[in-house]
>>> print(open('start-v9.txt').read())   # compact mmCIF, N, CA and C atoms
# COMPACT_ATOMS: atom_id res chain seq x y z
N GLN A 1369 -0.51 -4.88 -20.06
CA GLN A 1369 -1.34 -4.32 -19.02
C GLN A 1369 -0.91 -4.83 -17.66
N VAL A 1370 -1.19 -4.04 -16.62
CA VAL A 1370 -0.91 -4.42 -15.25
C VAL A 1370 -2.17 -4.19 -14.42
N GLN A 1371 -2.55 -5.16 -13.64
CA GLN A 1371 -3.72 -5.03 -12.78
C GLN A 1371 -3.30 -5.23 -11.32
N LEU A 1372 -3.86 -4.40 -10.45
CA LEU A 1372 -3.61 -4.51 -9.02
C LEU A 1372 -4.94 -4.70 -8.31
N VAL A 1373 -5.03 -5.74 -7.51
CA VAL A 1373 -6.26 -6.03 -6.77
C VAL A 1373 -5.96 -5.99 -5.29
N GLU A 1374 -6.68 -5.10 -4.60
CA GLU A 1374 -6.47 -4.88 -3.17
C GLU A 1374 -7.59 -5.51 -2.36
N SER A 1375 -7.28 -5.78 -1.10
CA SER A 1375 -8.30 -6.23 -0.17
C SER A 1375 -7.85 -5.93 1.25
N GLY A 1376 -8.80 -5.95 2.19
CA GLY A 1376 -8.43 -5.87 3.60
C GLY A 1376 -8.82 -4.62 4.31
N GLY A 1377 -9.40 -3.64 3.66
CA GLY A 1377 -9.81 -2.43 4.37
C GLY A 1377 -11.01 -2.69 5.25
N GLY A 1378 -11.41 -1.64 5.97
CA GLY A 1378 -12.58 -1.78 6.82
C GLY A 1378 -12.63 -0.75 7.91
N LEU A 1379 -13.51 -1.00 8.87
CA LEU A 1379 -13.71 -0.11 10.01
C LEU A 1379 -13.10 -0.75 11.25
N VAL A 1380 -12.33 0.02 11.99
CA VAL A 1380 -11.69 -0.49 13.19
C VAL A 1380 -11.63 0.62 14.23
N GLN A 1381 -11.62 0.25 15.48
CA GLN A 1381 -11.49 1.23 16.54
C GLN A 1381 -10.03 1.65 16.71
N ALA A 1382 -9.84 2.84 17.24
CA ALA A 1382 -8.49 3.32 17.50
C ALA A 1382 -7.74 2.31 18.37
N GLY A 1383 -6.48 2.07 18.01
CA GLY A 1383 -5.68 1.08 18.70
C GLY A 1383 -5.73 -0.29 18.07
N GLY A 1384 -6.63 -0.48 17.14
CA GLY A 1384 -6.78 -1.77 16.49
C GLY A 1384 -5.82 -1.95 15.33
N SER A 1385 -6.01 -3.07 14.62
CA SER A 1385 -5.13 -3.44 13.53
C SER A 1385 -5.92 -3.85 12.30
N LEU A 1386 -5.31 -3.65 11.17
CA LEU A 1386 -5.84 -4.12 9.89
C LEU A 1386 -4.65 -4.56 9.03
N ARG A 1387 -4.94 -5.47 8.10
CA ARG A 1387 -3.92 -5.91 7.17
C ARG A 1387 -4.46 -5.77 5.76
N LEU A 1388 -3.75 -5.02 4.95
CA LEU A 1388 -4.11 -4.85 3.55
C LEU A 1388 -3.24 -5.76 2.69
N SER A 1389 -3.82 -6.26 1.61
CA SER A 1389 -3.05 -7.04 0.67
C SER A 1389 -3.30 -6.55 -0.75
N CYS A 1390 -2.33 -6.78 -1.61
CA CYS A 1390 -2.42 -6.35 -3.00
C CYS A 1390 -1.67 -7.35 -3.87
N THR A 1391 -2.36 -7.86 -4.87
CA THR A 1391 -1.75 -8.79 -5.81
C THR A 1391 -1.71 -8.16 -7.19
N VAL A 1392 -0.56 -8.28 -7.82
CA VAL A 1392 -0.34 -7.67 -9.13
C VAL A 1392 -0.29 -8.76 -10.20
N SER A 1393 -0.86 -8.46 -11.35
CA SER A 1393 -0.81 -9.40 -12.46
C SER A 1393 -0.77 -8.61 -13.76
N GLY A 1394 -0.51 -9.34 -14.86
CA GLY A 1394 -0.51 -8.69 -16.17
C GLY A 1394 0.72 -9.02 -16.97
N ASN A 1395 0.57 -8.89 -18.27
CA ASN A 1395 1.67 -9.29 -19.15
C ASN A 1395 2.78 -8.25 -19.22
N ARG A 1396 2.56 -7.08 -18.63
CA ARG A 1396 3.61 -6.07 -18.61
C ARG A 1396 4.28 -5.98 -17.23
N PHE A 1397 3.91 -6.93 -16.35
CA PHE A 1397 4.46 -6.86 -14.99
C PHE A 1397 5.80 -7.56 -14.91
N SER A 1398 6.74 -6.89 -14.30
CA SER A 1398 7.99 -7.53 -13.90
C SER A 1398 8.35 -6.98 -12.52
N LEU A 1399 9.02 -7.77 -11.73
CA LEU A 1399 9.27 -7.42 -10.34
C LEU A 1399 9.96 -6.06 -10.23
N ASN A 1400 9.39 -5.24 -9.35
CA ASN A 1400 9.99 -3.94 -9.08
C ASN A 1400 9.38 -3.41 -7.78
N THR A 1401 9.69 -2.18 -7.44
CA THR A 1401 9.21 -1.60 -6.18
C THR A 1401 7.69 -1.54 -6.13
N MET A 1402 7.15 -1.89 -4.97
CA MET A 1402 5.72 -1.79 -4.73
C MET A 1402 5.51 -1.03 -3.42
N GLY A 1403 4.29 -0.55 -3.23
CA GLY A 1403 4.06 0.20 -2.01
C GLY A 1403 2.61 0.54 -1.80
N TRP A 1404 2.39 1.34 -0.76
CA TRP A 1404 1.04 1.79 -0.40
C TRP A 1404 1.07 3.30 -0.22
N TYR A 1405 0.03 3.93 -0.73
CA TYR A 1405 -0.21 5.34 -0.55
C TYR A 1405 -1.61 5.50 0.03
N ARG A 1406 -1.91 6.69 0.54
CA ARG A 1406 -3.25 6.93 1.06
C ARG A 1406 -3.67 8.35 0.75
N GLN A 1407 -4.99 8.52 0.72
CA GLN A 1407 -5.55 9.84 0.47
C GLN A 1407 -6.75 10.04 1.38
N ALA A 1408 -6.63 11.02 2.25
CA ALA A 1408 -7.73 11.39 3.13
C ALA A 1408 -8.57 12.46 2.45
N PRO A 1409 -9.83 12.61 2.86
CA PRO A 1409 -10.69 13.63 2.24
C PRO A 1409 -10.07 15.02 2.32
N GLY A 1410 -10.04 15.70 1.18
CA GLY A 1410 -9.51 17.05 1.13
C GLY A 1410 -8.00 17.16 1.16
N LYS A 1411 -7.32 16.02 1.11
CA LYS A 1411 -5.86 16.03 1.16
C LYS A 1411 -5.27 15.35 -0.06
N GLN A 1412 -4.00 15.63 -0.30
CA GLN A 1412 -3.31 14.98 -1.40
C GLN A 1412 -2.93 13.55 -1.05
N ARG A 1413 -2.76 12.74 -2.07
CA ARG A 1413 -2.29 11.38 -1.87
C ARG A 1413 -0.87 11.42 -1.32
N GLU A 1414 -0.60 10.59 -0.32
CA GLU A 1414 0.71 10.59 0.30
C GLU A 1414 1.27 9.18 0.44
N LEU A 1415 2.58 9.11 0.44
CA LEU A 1415 3.24 7.82 0.59
C LEU A 1415 3.03 7.29 2.01
N VAL A 1416 2.78 6.00 2.09
CA VAL A 1416 2.72 5.32 3.39
C VAL A 1416 3.97 4.47 3.58
N ALA A 1417 4.21 3.58 2.61
CA ALA A 1417 5.37 2.70 2.70
C ALA A 1417 5.66 2.10 1.34
N THR A 1418 6.94 1.83 1.09
CA THR A 1418 7.34 1.13 -0.12
C THR A 1418 8.32 0.02 0.24
N ILE A 1419 8.43 -0.94 -0.68
CA ILE A 1419 9.37 -2.04 -0.49
C ILE A 1419 9.93 -2.43 -1.85
N THR A 1420 11.24 -2.56 -1.92
CA THR A 1420 11.88 -2.95 -3.16
C THR A 1420 11.85 -4.48 -3.33
N VAL A 1421 12.27 -4.93 -4.48
CA VAL A 1421 12.33 -6.37 -4.73
C VAL A 1421 13.23 -7.05 -3.70
N GLY A 1422 14.30 -6.38 -3.34
CA GLY A 1422 15.25 -6.94 -2.38
C GLY A 1422 14.83 -6.80 -0.94
N GLY A 1423 13.73 -6.09 -0.68
CA GLY A 1423 13.21 -5.97 0.68
C GLY A 1423 13.55 -4.69 1.40
N ALA A 1424 14.19 -3.74 0.74
CA ALA A 1424 14.45 -2.45 1.38
C ALA A 1424 13.14 -1.69 1.55
N ARG A 1425 12.94 -1.17 2.74
CA ARG A 1425 11.66 -0.53 3.09
C ARG A 1425 11.82 0.95 3.37
N ASN A 1426 10.76 1.67 3.08
CA ASN A 1426 10.71 3.11 3.35
C ASN A 1426 9.32 3.41 3.91
N PHE A 1427 9.28 4.19 5.00
CA PHE A 1427 8.01 4.50 5.65
C PHE A 1427 7.85 6.00 5.83
N ALA A 1428 6.62 6.45 5.76
CA ALA A 1428 6.31 7.81 6.17
C ALA A 1428 6.56 7.93 7.67
N ASP A 1429 7.02 9.10 8.09
CA ASP A 1429 7.30 9.30 9.52
C ASP A 1429 6.07 9.02 10.38
N SER A 1430 4.91 9.35 9.86
CA SER A 1430 3.68 9.23 10.64
C SER A 1430 3.30 7.79 10.95
N VAL A 1431 3.87 6.83 10.24
CA VAL A 1431 3.50 5.42 10.47
C VAL A 1431 4.66 4.57 10.97
N LYS A 1432 5.83 5.14 11.07
CA LYS A 1432 6.99 4.38 11.54
C LYS A 1432 6.73 3.81 12.92
N GLY A 1433 7.07 2.54 13.09
CA GLY A 1433 6.87 1.87 14.37
C GLY A 1433 5.48 1.28 14.54
N ARG A 1434 4.56 1.63 13.65
CA ARG A 1434 3.18 1.11 13.74
C ARG A 1434 2.82 0.24 12.54
N PHE A 1435 3.31 0.58 11.38
CA PHE A 1435 3.00 -0.16 10.15
C PHE A 1435 4.23 -0.94 9.69
N THR A 1436 3.98 -2.09 9.10
CA THR A 1436 5.03 -2.84 8.44
C THR A 1436 4.59 -3.22 7.04
N ILE A 1437 5.56 -3.36 6.14
CA ILE A 1437 5.26 -3.75 4.77
C ILE A 1437 6.09 -4.97 4.43
N SER A 1438 5.47 -5.89 3.71
CA SER A 1438 6.17 -7.11 3.31
C SER A 1438 5.68 -7.53 1.93
N ARG A 1439 6.42 -8.43 1.32
CA ARG A 1439 6.03 -8.89 -0.02
C ARG A 1439 6.47 -10.33 -0.22
N ASP A 1440 5.79 -10.98 -1.15
CA ASP A 1440 6.18 -12.31 -1.59
C ASP A 1440 6.34 -12.23 -3.10
N ASN A 1441 7.57 -12.27 -3.55
CA ASN A 1441 7.84 -12.10 -4.98
C ASN A 1441 7.32 -13.29 -5.80
N THR A 1442 7.16 -14.44 -5.18
CA THR A 1442 6.65 -15.60 -5.92
C THR A 1442 5.15 -15.49 -6.15
N LYS A 1443 4.49 -14.66 -5.34
CA LYS A 1443 3.04 -14.48 -5.46
C LYS A 1443 2.67 -13.10 -5.98
N ASN A 1444 3.67 -12.26 -6.26
CA ASN A 1444 3.43 -10.89 -6.73
C ASN A 1444 2.47 -10.15 -5.80
N THR A 1445 2.67 -10.34 -4.51
CA THR A 1445 1.77 -9.80 -3.50
C THR A 1445 2.55 -8.98 -2.48
N VAL A 1446 1.93 -7.87 -2.08
CA VAL A 1446 2.49 -7.02 -1.04
C VAL A 1446 1.42 -6.82 0.03
N TRP A 1447 1.86 -6.78 1.29
CA TRP A 1447 0.96 -6.60 2.42
C TRP A 1447 1.35 -5.35 3.21
N LEU A 1448 0.36 -4.73 3.81
CA LEU A 1448 0.60 -3.63 4.74
C LEU A 1448 -0.08 -3.99 6.05
N GLN A 1449 0.71 -4.26 7.06
CA GLN A 1449 0.18 -4.54 8.39
C GLN A 1449 0.13 -3.24 9.17
N MET A 1450 -1.07 -2.87 9.59
CA MET A 1450 -1.25 -1.60 10.28
C MET A 1450 -1.69 -1.87 11.72
N ASN A 1451 -0.85 -1.49 12.66
CA ASN A 1451 -1.13 -1.66 14.08
C ASN A 1451 -1.27 -0.31 14.77
N SER A 1452 -1.85 -0.32 15.95
CA SER A 1452 -2.02 0.90 16.74
C SER A 1452 -2.64 2.01 15.90
N LEU A 1453 -3.68 1.67 15.19
CA LEU A 1453 -4.30 2.63 14.27
C LEU A 1453 -4.89 3.82 15.01
N LYS A 1454 -4.81 4.96 14.34
CA LYS A 1454 -5.30 6.23 14.88
C LYS A 1454 -6.37 6.79 13.95
N PRO A 1455 -7.26 7.62 14.48
CA PRO A 1455 -8.27 8.23 13.60
C PRO A 1455 -7.64 8.96 12.40
N GLU A 1456 -6.47 9.52 12.58
CA GLU A 1456 -5.84 10.23 11.47
C GLU A 1456 -5.29 9.30 10.39
N ASP A 1457 -5.35 8.00 10.62
CA ASP A 1457 -5.00 7.04 9.57
C ASP A 1457 -6.16 6.78 8.62
N THR A 1458 -7.31 7.33 8.93
CA THR A 1458 -8.48 7.16 8.07
C THR A 1458 -8.22 7.74 6.69
N ALA A 1459 -8.41 6.91 5.67
CA ALA A 1459 -8.13 7.33 4.30
C ALA A 1459 -8.48 6.19 3.36
N VAL A 1460 -8.44 6.49 2.08
CA VAL A 1460 -8.47 5.44 1.07
C VAL A 1460 -7.01 5.05 0.80
N TYR A 1461 -6.73 3.78 0.90
CA TYR A 1461 -5.37 3.27 0.71
C TYR A 1461 -5.25 2.66 -0.68
N TYR A 1462 -4.19 3.05 -1.36
CA TYR A 1462 -3.97 2.60 -2.73
C TYR A 1462 -2.67 1.82 -2.82
N CYS A 1463 -2.76 0.67 -3.45
CA CYS A 1463 -1.56 -0.10 -3.76
C CYS A 1463 -0.89 0.51 -5.00
N ASN A 1464 0.40 0.50 -4.99
CA ASN A 1464 1.17 1.07 -6.10
C ASN A 1464 2.23 0.09 -6.58
N TYR A 1465 2.34 0.00 -7.89
CA TYR A 1465 3.44 -0.73 -8.53
C TYR A 1465 4.14 0.24 -9.48
N ARG A 1466 5.46 0.35 -9.31
CA ARG A 1466 6.25 1.20 -10.20
C ARG A 1466 7.06 0.31 -11.13
N SER A 1467 6.81 0.44 -12.41
CA SER A 1467 7.48 -0.42 -13.39
C SER A 1467 8.95 -0.03 -13.53
N PRO A 1468 9.76 -0.87 -14.11
CA PRO A 1468 11.18 -0.55 -14.29
C PRO A 1468 11.43 0.72 -15.10
N ASN A 1469 10.46 1.14 -15.92
CA ASN A 1469 10.61 2.40 -16.65
C ASN A 1469 9.87 3.54 -15.95
N ASP A 1470 9.63 3.36 -14.64
CA ASP A 1470 9.09 4.41 -13.76
C ASP A 1470 7.65 4.80 -14.07
N ARG A 1471 6.89 3.90 -14.64
CA ARG A 1471 5.45 4.16 -14.80
C ARG A 1471 4.75 3.63 -13.56
N ASP A 1472 3.81 4.42 -13.02
CA ASP A 1472 3.05 4.05 -11.83
C ASP A 1472 1.73 3.40 -12.22
N TYR A 1473 1.43 2.31 -11.55
CA TYR A 1473 0.14 1.64 -11.67
C TYR A 1473 -0.51 1.64 -10.28
N TRP A 1474 -1.85 1.75 -10.29
CA TRP A 1474 -2.57 1.89 -9.02
C TRP A 1474 -3.69 0.88 -8.90
N GLY A 1475 -3.94 0.46 -7.66
CA GLY A 1475 -5.12 -0.32 -7.39
C GLY A 1475 -6.34 0.57 -7.31
N GLN A 1476 -7.49 -0.06 -7.06
CA GLN A 1476 -8.75 0.68 -7.06
C GLN A 1476 -8.96 1.44 -5.76
N GLY A 1477 -8.18 1.11 -4.75
CA GLY A 1477 -8.30 1.78 -3.46
C GLY A 1477 -9.20 1.00 -2.51
N THR A 1478 -8.82 1.01 -1.25
CA THR A 1478 -9.63 0.36 -0.22
C THR A 1478 -9.75 1.30 0.97
N GLN A 1479 -10.97 1.44 1.47
CA GLN A 1479 -11.24 2.40 2.55
C GLN A 1479 -10.81 1.82 3.90
N VAL A 1480 -10.08 2.63 4.63
CA VAL A 1480 -9.74 2.31 6.02
C VAL A 1480 -10.31 3.44 6.88
N THR A 1481 -11.16 3.05 7.83
CA THR A 1481 -11.77 4.02 8.72
C THR A 1481 -11.45 3.64 10.17
N VAL A 1482 -10.88 4.58 10.90
CA VAL A 1482 -10.51 4.34 12.29
C VAL A 1482 -11.37 5.24 13.16
N SER A 1483 -12.18 4.64 13.99
CA SER A 1483 -13.06 5.41 14.87
C SER A 1483 -12.38 5.68 16.21
N SER A 1484 -12.72 6.81 16.78
CA SER A 1484 -12.09 7.19 18.07
C SER A 1484 -12.89 6.68 19.25
>>> encode(input="start-v9.txt", output="structure tokens")
Amino acid sequence: QVQLVESGGGLVQAGGSLRLSCTVSGNRFSLNTMGWYRQAPGKQRELVATITVGGARNFADSVKGRFTISRDNTKNTVWLQMNSLKPEDTAVYYCNYRSPNDRDYWGQGTQVTVSS
């Protein structure tokens, strides 16, 4: 089994910052790509950012230059630093772990609300 525990969501004004964290555990966990996705009401879940074990990063165009992703492989933890937040960033954010055999595991989701 693999478990993902997220924290750090909340309410912030436009232009503000939030930091999300996600820790992975479980006897089926081995280091691999992790990332963050989000889902706004009435919309499909979309990629926000991913990071490989080696640190290669990929970002959605909508967050480039505003969000950063980092990880600590010794702690099985990934962070999403979100700066210059916009109302359109409002969504439920989900941590993702993709196993070496390409199975996706998800956190429970954390709400991020950006007020204008």
>>> atom_distance(input="start-v9.txt", atom1="CA of Ser1385 (chain A)", atom2="CA of Asn1441 (chain A)")
24.2 Å
>>> select_by_dssp(input="start-v9.txt", residues="chain A", states="helix (DSSP H, G or I)", output="list in words")
Asp1429, Ser1430, Val1431, Pro1455, Glu1456 and Asp1457 of chain A
>>> write_last_selection(input="start-v9.txt", atoms="N, CA and C atoms", output="PDB file, in the frame of the given file")
ATOM      1  N   ASP A1429       7.020   9.100   8.090  1.00  0.00           N
ATOM      2  CA  ASP A1429       7.300   9.300   9.520  1.00  0.00           C
ATOM      3  C   ASP A1429       6.070   9.020  10.380  1.00  0.00           C
ATOM      4  N   SER A1430       4.910   9.350   9.860  1.00  0.00           N
ATOM      5  CA  SER A1430       3.680   9.230  10.640  1.00  0.00           C
ATOM      6  C   SER A1430       3.300   7.790  10.950  1.00  0.00           C
ATOM      7  N   VAL A1431       3.870   6.830  10.240  1.00  0.00           N
ATOM      8  CA  VAL A1431       3.500   5.420  10.470  1.00  0.00           C
ATOM      9  C   VAL A1431       4.660   4.570  10.970  1.00  0.00           C
ATOM     10  N   PRO A1455      -7.260   7.620  14.480  1.00  0.00           N
ATOM     11  CA  PRO A1455      -8.270   8.230  13.600  1.00  0.00           C
ATOM     12  C   PRO A1455      -7.640   8.960  12.400  1.00  0.00           C
ATOM     13  N   GLU A1456      -6.470   9.520  12.580  1.00  0.00           N
ATOM     14  CA  GLU A1456      -5.840  10.230  11.470  1.00  0.00           C
ATOM     15  C   GLU A1456      -5.290   9.300  10.390  1.00  0.00           C
ATOM     16  N   ASP A1457      -5.350   8.000  10.620  1.00  0.00           N
ATOM     17  CA  ASP A1457      -5.000   7.040   9.570  1.00  0.00           C
ATOM     18  C   ASP A1457      -6.160   6.780   8.620  1.00  0.00           C
TER      19      ASP A1457
END
>>> closest_atom_pairs(input="start-v9.txt", of="region 1369-1438 of chain A", to="region 1465-1478 of chain A", cutoff="6 Å", atoms="only N, CA and C atoms", output="Markdown table")
| residue | atom | partner | partner_atom | distance |
| --- | --- | --- | --- | --- |
| A:Leu1372 | C | A:Gly1475 | CA | 4.5 |
| A:Val1373 | N | A:Gly1475 | CA | 5.4 |
| A:Glu1374 | N | A:Gln1476 | N | 5.7 |
| A:Gly1377 | CA | A:Thr1478 | C | 5.0 |
| A:Asn1400 | C | A:Arg1466 | C | 5.5 |
| A:Thr1401 | C | A:Arg1466 | N | 4.3 |
| A:Met1402 | CA | A:Tyr1465 | CA | 4.6 |
| A:Gly1403 | N | A:Tyr1465 | N | 5.1 |
>>> atom_distance(input="start-v9.txt", atom1="atom N of Arg1434 (chain A)", atom2="CA of Leu1399 (chain A)")
26.1 Å
>>> select_by_dssp(input="start-v9.txt", residues="region 1393-1469 of chain A", states="strand (DSSP E)", output="PyMOL selection string")
chain A and resi 1393+1402-1407+1414-1419+1425-1427+1435-1440+1445-1450+1459-1466
>>> atom_distance(input="start-v9.txt", atom1="CA of Gln1369 (chain A)", atom2="CA of Lys1411 (chain A)")
29.0 Å
>>> closest_residue(input="start-v9.txt", among="A:Gln1381, A:Ser1430, A:Thr1436, A:Gln1371", to="Thr1481 (chain A)", atoms="all atoms listed in the file")
A:Gln1381
>>> residues_near_point(input="start-v9.txt", point="(-8.0, 1.0, 17.1)", cutoff="6 Å", atoms="all atoms listed in the file", output="list of chain:residue names")
A:Val1380, A:Gln1381, A:Ala1382, A:Gly1383, A:Gly1384, A:Ser1385, A:Ser1452, A:Leu1453, A:Lys1454
>>> closest_residue(input="start-v9.txt", among="A:Gln1412, A:Val1370, A:Leu1379, A:Gly1433", to="Phe1397 (chain A)", atoms="all atoms listed in the file")
A:Val1370
>>> closest_residue(input="start-v9.txt", among="A:Leu1388, A:Ile1419, A:Ala1428, A:Val1480", to="Asp1457 (chain A)", atoms="only N, CA and C atoms")
A:Val1480
>>> axis_aligned_box(input="start-v9.txt", around="region 1470-1476 of chain A", padding_each_side="5 Å", output="AutoDock Vina command-line options")
--center_x 0.3 --center_y 2.2 --center_z -10.3 --size_x 28.6 --size_y 15.1 --size_z 19.0
>>> residues_around(input="start-v9.txt", residues="Lys1432 (chain A)", least_positions_apart="5", cutoff="10 Å", atoms="only C-alpha atoms", output="PyMOL selection string")
chain A and resi 1416-1417+1426-1427
>>> residues_around(input="start-v9.txt", residues="Asn1444 (chain A)", least_positions_apart="5", cutoff="7 Å", atoms="all atoms listed in the file", output="ChimeraX atom specification")
/A:1390-1393,1439
>>> residues_around(input="start-v9.txt", residues="Tyr1405 (chain A)", least_positions_apart="3", cutoff="5 Å", atoms="all atoms listed in the file", output="VMD selection string")
chain A and resid 1414 to 1416 1461 to 1462
>>> closest_residue(input="start-v9.txt", among="A:Gly1394, A:Gly1376, A:Gly1423, A:Pro1455", to="Ser1483 (chain A)", atoms="all atoms listed in the file")
A:Pro1455
>>> build_atoms(input="start-v9.txt", residues="region 1399-1415 of chain A", atoms="N, CA, C and O atoms", output="PDB file, keeping the file's coordinate frame")
ATOM      1  N   LEU A1399       9.020  -7.770 -11.730  1.00  0.00           N
ATOM      2  CA  LEU A1399       9.270  -7.420 -10.340  1.00  0.00           C
ATOM      3  C   LEU A1399       9.960  -6.060 -10.230  1.00  0.00           C
ATOM      4  O   LEU A1399      10.940  -5.789 -10.910  1.00  0.00           O
ATOM      5  N   ASN A1400       9.390  -5.240  -9.350  1.00  0.00           N
ATOM      6  CA  ASN A1400       9.990  -3.940  -9.080  1.00  0.00           C
ATOM      7  C   ASN A1400       9.380  -3.410  -7.780  1.00  0.00           C
ATOM      8  O   ASN A1400       8.622  -4.106  -7.100  1.00  0.00           O
ATOM      9  N   THR A1401       9.690  -2.180  -7.440  1.00  0.00           N
ATOM     10  CA  THR A1401       9.210  -1.600  -6.180  1.00  0.00           C
ATOM     11  C   THR A1401       7.690  -1.540  -6.130  1.00  0.00           C
ATOM     12  O   THR A1401       7.032  -1.200  -7.121  1.00  0.00           O
ATOM     13  N   MET A1402       7.150  -1.890  -4.970  1.00  0.00           N
ATOM     14  CA  MET A1402       5.720  -1.790  -4.730  1.00  0.00           C
ATOM     15  C   MET A1402       5.510  -1.030  -3.420  1.00  0.00           C
ATOM     16  O   MET A1402       6.421  -0.903  -2.601  1.00  0.00           O
ATOM     17  N   GLY A1403       4.290  -0.550  -3.230  1.00  0.00           N
ATOM     18  CA  GLY A1403       4.060   0.200  -2.010  1.00  0.00           C
ATOM     19  C   GLY A1403       2.610   0.540  -1.800  1.00  0.00           C
ATOM     20  O   GLY A1403       1.722   0.084  -2.536  1.00  0.00           O
ATOM     21  N   TRP A1404       2.390   1.340  -0.760  1.00  0.00           N
ATOM     22  CA  TRP A1404       1.040   1.790  -0.400  1.00  0.00           C
ATOM     23  C   TRP A1404       1.070   3.300  -0.220  1.00  0.00           C
ATOM     24  O   TRP A1404       2.012   3.867   0.365  1.00  0.00           O
ATOM     25  N   TYR A1405       0.030   3.930  -0.730  1.00  0.00           N
ATOM     26  CA  TYR A1405      -0.210   5.340  -0.550  1.00  0.00           C
ATOM     27  C   TYR A1405      -1.610   5.500   0.030  1.00  0.00           C
ATOM     28  O   TYR A1405      -2.416   4.572  -0.014  1.00  0.00           O
ATOM     29  N   ARG A1406      -1.910   6.690   0.540  1.00  0.00           N
ATOM     30  CA  ARG A1406      -3.250   6.930   1.060  1.00  0.00           C
ATOM     31  C   ARG A1406      -3.670   8.350   0.750  1.00  0.00           C
ATOM     32  O   ARG A1406      -2.846   9.244   0.588  1.00  0.00           O
ATOM     33  N   GLN A1407      -4.990   8.520   0.720  1.00  0.00           N
ATOM     34  CA  GLN A1407      -5.550   9.840   0.470  1.00  0.00           C
ATOM     35  C   GLN A1407      -6.750  10.040   1.380  1.00  0.00           C
ATOM     36  O   GLN A1407      -7.742   9.309   1.279  1.00  0.00           O
ATOM     37  N   ALA A1408      -6.630  11.020   2.250  1.00  0.00           N
ATOM     38  CA  ALA A1408      -7.730  11.390   3.130  1.00  0.00           C
ATOM     39  C   ALA A1408      -8.570  12.460   2.450  1.00  0.00           C
ATOM     40  O   ALA A1408      -8.091  13.171   1.564  1.00  0.00           O
ATOM     41  N   PRO A1409      -9.830  12.610   2.860  1.00  0.00           N
ATOM     42  CA  PRO A1409     -10.690  13.630   2.240  1.00  0.00           C
ATOM     43  C   PRO A1409     -10.070  15.020   2.320  1.00  0.00           C
ATOM     44  O   PRO A1409      -9.606  15.449   3.368  1.00  0.00           O
ATOM     45  N   GLY A1410     -10.040  15.700   1.180  1.00  0.00           N
ATOM     46  CA  GLY A1410      -9.510  17.050   1.130  1.00  0.00           C
ATOM     47  C   GLY A1410      -8.000  17.160   1.160  1.00  0.00           C
ATOM     48  O   GLY A1410      -7.465  18.269   1.219  1.00  0.00           O
ATOM     49  N   LYS A1411      -7.320  16.020   1.110  1.00  0.00           N
ATOM     50  CA  LYS A1411      -5.860  16.030   1.160  1.00  0.00           C
ATOM     51  C   LYS A1411      -5.270  15.350  -0.060  1.00  0.00           C
ATOM     52  O   LYS A1411      -5.950  14.607  -0.766  1.00  0.00           O
ATOM     53  N   GLN A1412      -4.000  15.630  -0.300  1.00  0.00           N
ATOM     54  CA  GLN A1412      -3.310  14.980  -1.400  1.00  0.00           C
ATOM     55  C   GLN A1412      -2.930  13.550  -1.050  1.00  0.00           C
ATOM     56  O   GLN A1412      -2.780  13.194   0.126  1.00  0.00           O
ATOM     57  N   ARG A1413      -2.760  12.740  -2.070  1.00  0.00           N
ATOM     58  CA  ARG A1413      -2.290  11.380  -1.870  1.00  0.00           C
ATOM     59  C   ARG A1413      -0.870  11.420  -1.320  1.00  0.00           C
ATOM     60  O   ARG A1413      -0.033  12.185  -1.811  1.00  0.00           O
ATOM     61  N   GLU A1414      -0.600  10.590  -0.320  1.00  0.00           N
ATOM     62  CA  GLU A1414       0.710  10.590   0.300  1.00  0.00           C
ATOM     63  C   GLU A1414       1.270   9.180   0.440  1.00  0.00           C
ATOM     64  O   GLU A1414       0.517   8.216   0.545  1.00  0.00           O
ATOM     65  N   LEU A1415       2.580   9.110   0.440  1.00  0.00           N
ATOM     66  CA  LEU A1415       3.240   7.820   0.590  1.00  0.00           C
ATOM     67  C   LEU A1415       3.030   7.290   2.010  1.00  0.00           C
ATOM     68  O   LEU A1415       3.114   8.043   2.982  1.00  0.00           O
TER      69      LEU A1415
END
